[in-house]
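Visitor: I have a structure here, written as structure tokens, and I will follow up with some questions on it.
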Amino acid sequence: MTFGAGFESALVAAKAGEEWAWAALYRYLAGSVTGYLRVHGAADPDDLASETFLQVAKGIHSFEGNEEEFRSWVFVIAHRRLIDARRKAGRRPMIAGSAVEDADLYRLKGGDVEDDAMRRLGSGGIEEALADLTPDQRDVIMLRVVADLSVAQTAKVMDKSEGAIRVLQHRAIEVLRRRAGGAA
Amino acid sequence: MNIQWSDRDIESLFAGREPTEGDLTCLAPMVEALRRKAEPPTQERVDSMARALAMEARESAVAVPSRRTTKAPVTWRRRLVAIGGVAALATVGVGGAAVASNGAAPGDVLYSIDQAFEAIGIGNGGTEERIDEAVRLCDRGRVDQALEHAAHAFEKKGDEDSASALVHAAVAVQNQGSEQSVEVRTQVSEMLKWMGSTDAKGKDFGQGVSERAQAVKDTALHGKSEDAPKSGDAQGQNKDDDEAPGNSDDNGTPGGRSSDNPGKGPKD
């Protein structure tokens, strides 16, 4: 989904505190942001999404860029809010961006916040399929599909190269396809 | 793992269109179920949030420097620091003095690095520096990362074909896991050094990259490559084989969407 030709004018108006502009920006991204947080197992995705947009509003005057860059920026904030929320939930201390964070969070058995949320999703086996992926592979799939980000945008959110994102999505699709029972 | 799907097929799958590769259609229901998680907000919610966000924006309106704070994170800078910190900076010509002279806040290492790099033009198309970094990664045994790093350099330069060929090679090497062979490492190292030293340009350069990347991929997958170009051949041609090994994979269109690519329609 794209914002359209009016993005630049909406951005200027949003900086000026115009409600119509914030309504447009929120309508443009709230569904994807909330869905991304929900699929990632956030305990209260609506609340977390609201925090994300409030942070966007606080930082809007420092933002310069086009629609794609804005979308990437919002999801970087959403992703970080998710990580912060997990820390506050009392999980093991994690260092942002380190292998420890992902490995420990996603490999916990029983009671893991994301696995629990996945089971609650009741999405016809999606949770089981996604559980087969590594954390980075899962992030790529969610950012590309739920958040509707391009390869370039996903690379910015995950702080990886576009090449790394393509590698991750190739491997994720292979795993998912194998589970779906397609012919090798 | 053989890469069976082009970037175009994957984009079609994610966008809800029919992939040309039939093997991917079995994933369409899952993709659609995931996309449905992005439910649009109610009008009441939009109205209440718009009021709150507009007020927040007005209250936050302070004079800020007109510098971009949302520039794309340059992954290679962080990797460079991870490899060797300030010492690593020195290897690309940015000494500690240059970093310190930017007046960055103590402890804000990466911000200092950003300023330092911008001051001397690194990060704005420094392909040669990135190739050098890729060589160092390869020398340290991080062969797949070296290929990814080189792919990133060509992406920044706009050479999508070379980037795609390198990505495919990186996937093949990654699949070797801890079994990455000395031959693969040697091939990658020679390829990277050729990139840094060749006079080939444009189409010839791209062909040279594709041939070498394909050879790396073949070696990683099958343990042997019969068509590896000689590293000293600036034109990328294989002197022993008149028929250049084509890239058997469909590189398709580069990944990602642009405003010129319709992609999916609006969800609401």
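Each chain in the structure tokens gets a letter, A, B and so on, in the order shown; residues start at 1 in every chain, and ligands are counted from 1 in the order they appear.
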If we count only C-alpha atoms, what is near A:Leu168 at a cut-off of 8 Å, once residues fewer than 2 positions away on the same chain are taken out, given as number ranges by chain?
Guide: A: 136-137, 140, 164-166, 170-172
Visitor: Of the candidates B:Ser60, B:Ser6, B:Ser48, B:Thr127, which one gets nearest to chain A if we count only C-alpha atoms?
Guide: B:Ser60
Visitor: If we count only C-alpha atoms and set the cut-off at 8 Å, which residues sit around B:Leu53, ignoring sequence neighbours fewer than 2 positions away in its own chain? Please answer as number ranges by chain.
Guide: A: 17, 19, 22, 53-54, 57; B: 49-51, 55-57
Visitor: Limited to C-alpha atoms, could you put the picked residues into a file as an mmCIF file, in the first residue's frame?
Guide:
data_model
loop_
_atom_site.group_PDB
_atom_site.id
_atom_site.type_symbol
_atom_site.label_atom_id
_atom_site.label_comp_id
_atom_site.auth_asym_id
_atom_site.auth_seq_id
_atom_site.Cartn_x
_atom_site.Cartn_y
_atom_site.Cartn_z
ATOM 1 C CA GLY A 17 0.466 19.877 13.797
ATOM 2 C CA GLU A 19 -4.927 16.889 12.407
ATOM 3 C CA TRP A 22 -1.906 12.890 11.135
ATOM 4 C CA PHE A 53 3.048 6.741 16.604
ATOM 5 C CA LEU A 54 3.529 9.059 19.555
ATOM 6 C CA ALA A 57 5.013 12.553 16.314
ATOM 7 C CA MET B 49 -5.173 9.288 17.422
ATOM 8 C CA ALA B 50 -4.980 12.167 14.944
ATOM 9 C CA ARG B 51 -5.893 14.640 17.674
ATOM 10 C CA MET B 55 -0.956 17.902 19.614
ATOM 11 C CA GLU B 56 2.250 15.969 20.246
ATOM 12 C CA ALA B 57 3.753 17.325 17.032
#
Visitor: Excluding A:Phe3 and its own-chain neighbours fewer than 3 positions away, which residues fall within 10 Å of it when counting only C-alpha atoms? Please give them as a list in words.
Guide: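 After dropping sequence-adjacent residues, the list is Gly6, Phe7, Glu8, Ala10, Ala24, Leu25, Arg27, Tyr28, Leu29, Glu67, Glu68 and Arg71 of chain A; Pro266 of chain B.
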Visitor: Can you spit out the residues from that selection as an mmCIF file, in the first residue's frame, using N, CA and C atoms?
Guide:
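What landed in selection21.cif:
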data_model
loop_
_atom_site.group_PDB
_atom_site.id
_atom_site.type_symbol
_atom_site.label_atom_id
_atom_site.label_comp_id
_atom_site.auth_asym_id
_atom_site.auth_seq_id
_atom_site.Cartn_x
_atom_site.Cartn_y
_atom_site.Cartn_z
ATOM 1 N N GLY A 6 0.238 12.717 -2.346
ATOM 2 C CA GLY A 6 0.115 13.775 -1.348
ATOM 3 C C GLY A 6 1.017 13.620 -0.147
ATOM 4 N N PHE A 7 1.991 12.720 -0.212
ATOM 5 C CA PHE A 7 2.786 12.457 0.990
ATOM 6 C C PHE A 7 3.579 13.682 1.433
ATOM 7 N N GLU A 8 4.213 14.342 0.487
ATOM 8 C CA GLU A 8 5.067 15.476 0.866
ATOM 9 C C GLU A 8 4.275 16.570 1.561
ATOM 10 N N ALA A 10 1.453 16.182 3.100
ATOM 11 C CA ALA A 10 0.990 15.664 4.390
ATOM 12 C C ALA A 10 2.088 15.750 5.429
ATOM 13 N N ALA A 24 -4.279 11.061 8.118
ATOM 14 C CA ALA A 24 -3.881 10.381 6.887
ATOM 15 C C ALA A 24 -2.684 9.467 7.113
ATOM 16 N N LEU A 25 -1.684 9.969 7.847
ATOM 17 C CA LEU A 25 -0.494 9.159 8.101
ATOM 18 C C LEU A 25 -0.836 7.956 8.982
ATOM 19 N N ARG A 27 -3.780 6.472 9.297
ATOM 20 C CA ARG A 27 -4.592 5.520 8.521
ATOM 21 C C ARG A 27 -3.699 4.732 7.551
ATOM 22 N N TYR A 28 -2.694 5.370 7.056
ATOM 23 C CA TYR A 28 -1.780 4.754 6.086
ATOM 24 C C TYR A 28 -0.989 3.604 6.690
ATOM 25 N N LEU A 29 -0.571 3.759 7.945
ATOM 26 C CA LEU A 29 0.368 2.786 8.510
ATOM 27 C C LEU A 29 -0.109 2.022 9.743
ATOM 28 N N GLU A 67 8.338 8.945 1.095
ATOM 29 C CA GLU A 67 7.357 8.032 1.683
ATOM 30 C C GLU A 67 7.996 6.716 2.106
ATOM 31 N N GLU A 68 8.863 6.190 1.254
ATOM 32 C CA GLU A 68 9.519 4.921 1.588
ATOM 33 C C GLU A 68 10.357 5.048 2.842
ATOM 34 N N ARG A 71 8.175 5.215 5.915
ATOM 35 C CA ARG A 71 7.646 3.898 6.298
ATOM 36 C C ARG A 71 8.721 3.087 7.025
ATOM 37 N N PRO B 266 -4.163 -0.935 -2.382
ATOM 38 C CA PRO B 266 -4.422 -0.584 -0.979
ATOM 39 C C PRO B 266 -5.280 -1.652 -0.320
#
Visitor: Between atom CA of A:Trp73 and atom CA of A:Ser150, what is the spacing in Å?
Guide: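 Those two atoms sit 12.9 Å apart.
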Visitor: May I ask for the distance between atom CA of B:Val31 and atom CA of A:Ala30, given in Å to one decimal place?
Guide: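 Pair atom CA of B:Val31 / atom CA of A:Ala30 returns 19.4 Å.
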Visitor: Extract, using only C-alpha atoms, all DNA, RNA and protein residues at most 7 Å from stretch 216-224 of chain B, discarding same-chain residues fewer than 4 positions from it, and format them as a ChimeraX atom specification.
Guide: /B:169,172-173,176,184,187-188,212
Visitor: Kindly indicate which residue among B:Glu183, B:Asp161, B:Glu18, B:Glu190 lies nearest to B:Phe205, using only C-alpha atoms for the distances.
Guide: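 Looking at the shortest contact to B:Phe205, the residue is B:Asp161.
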Visitor: Which residues are close to B:Lys37, i.e. within 9 Å by only C-alpha atoms, leaving aside same-chain residues fewer than 6 positions away? Reply as a ChimeraX atom specification.
Guide: /A:31-32,34-36,38-39,146
Visitor: Which of these, B:Cys138, B:Met195, B:Ala54, B:Ala153, has the shortest distance to chain A once you count only C-alpha atoms?
Guide: B:Ala54
Visitor: Quick one: distance from atom CA of A:Ile83 to atom CA of A:Glu162 in Å, one decimal?
Guide: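 Those two atoms sit 22.3 Å apart.
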Visitor: My list of candidates is A:Lys58, A:Arg144, A:His40, A:Arg86. Which is closest to B:Ala61 when distances are computed with only C-alpha atoms?
Guide: A:Lys58
Visitor: So that I can see what lies close to B:Val143, please list as a PyMOL selection string the residues with an atom at most 9 Å from it, counting only C-alpha atoms and leaving out residues fewer than 3 positions away in the same chain.
Guide: chain B and resi 134-135+137-140+146-148+170+173-174+180+184-185+188-189
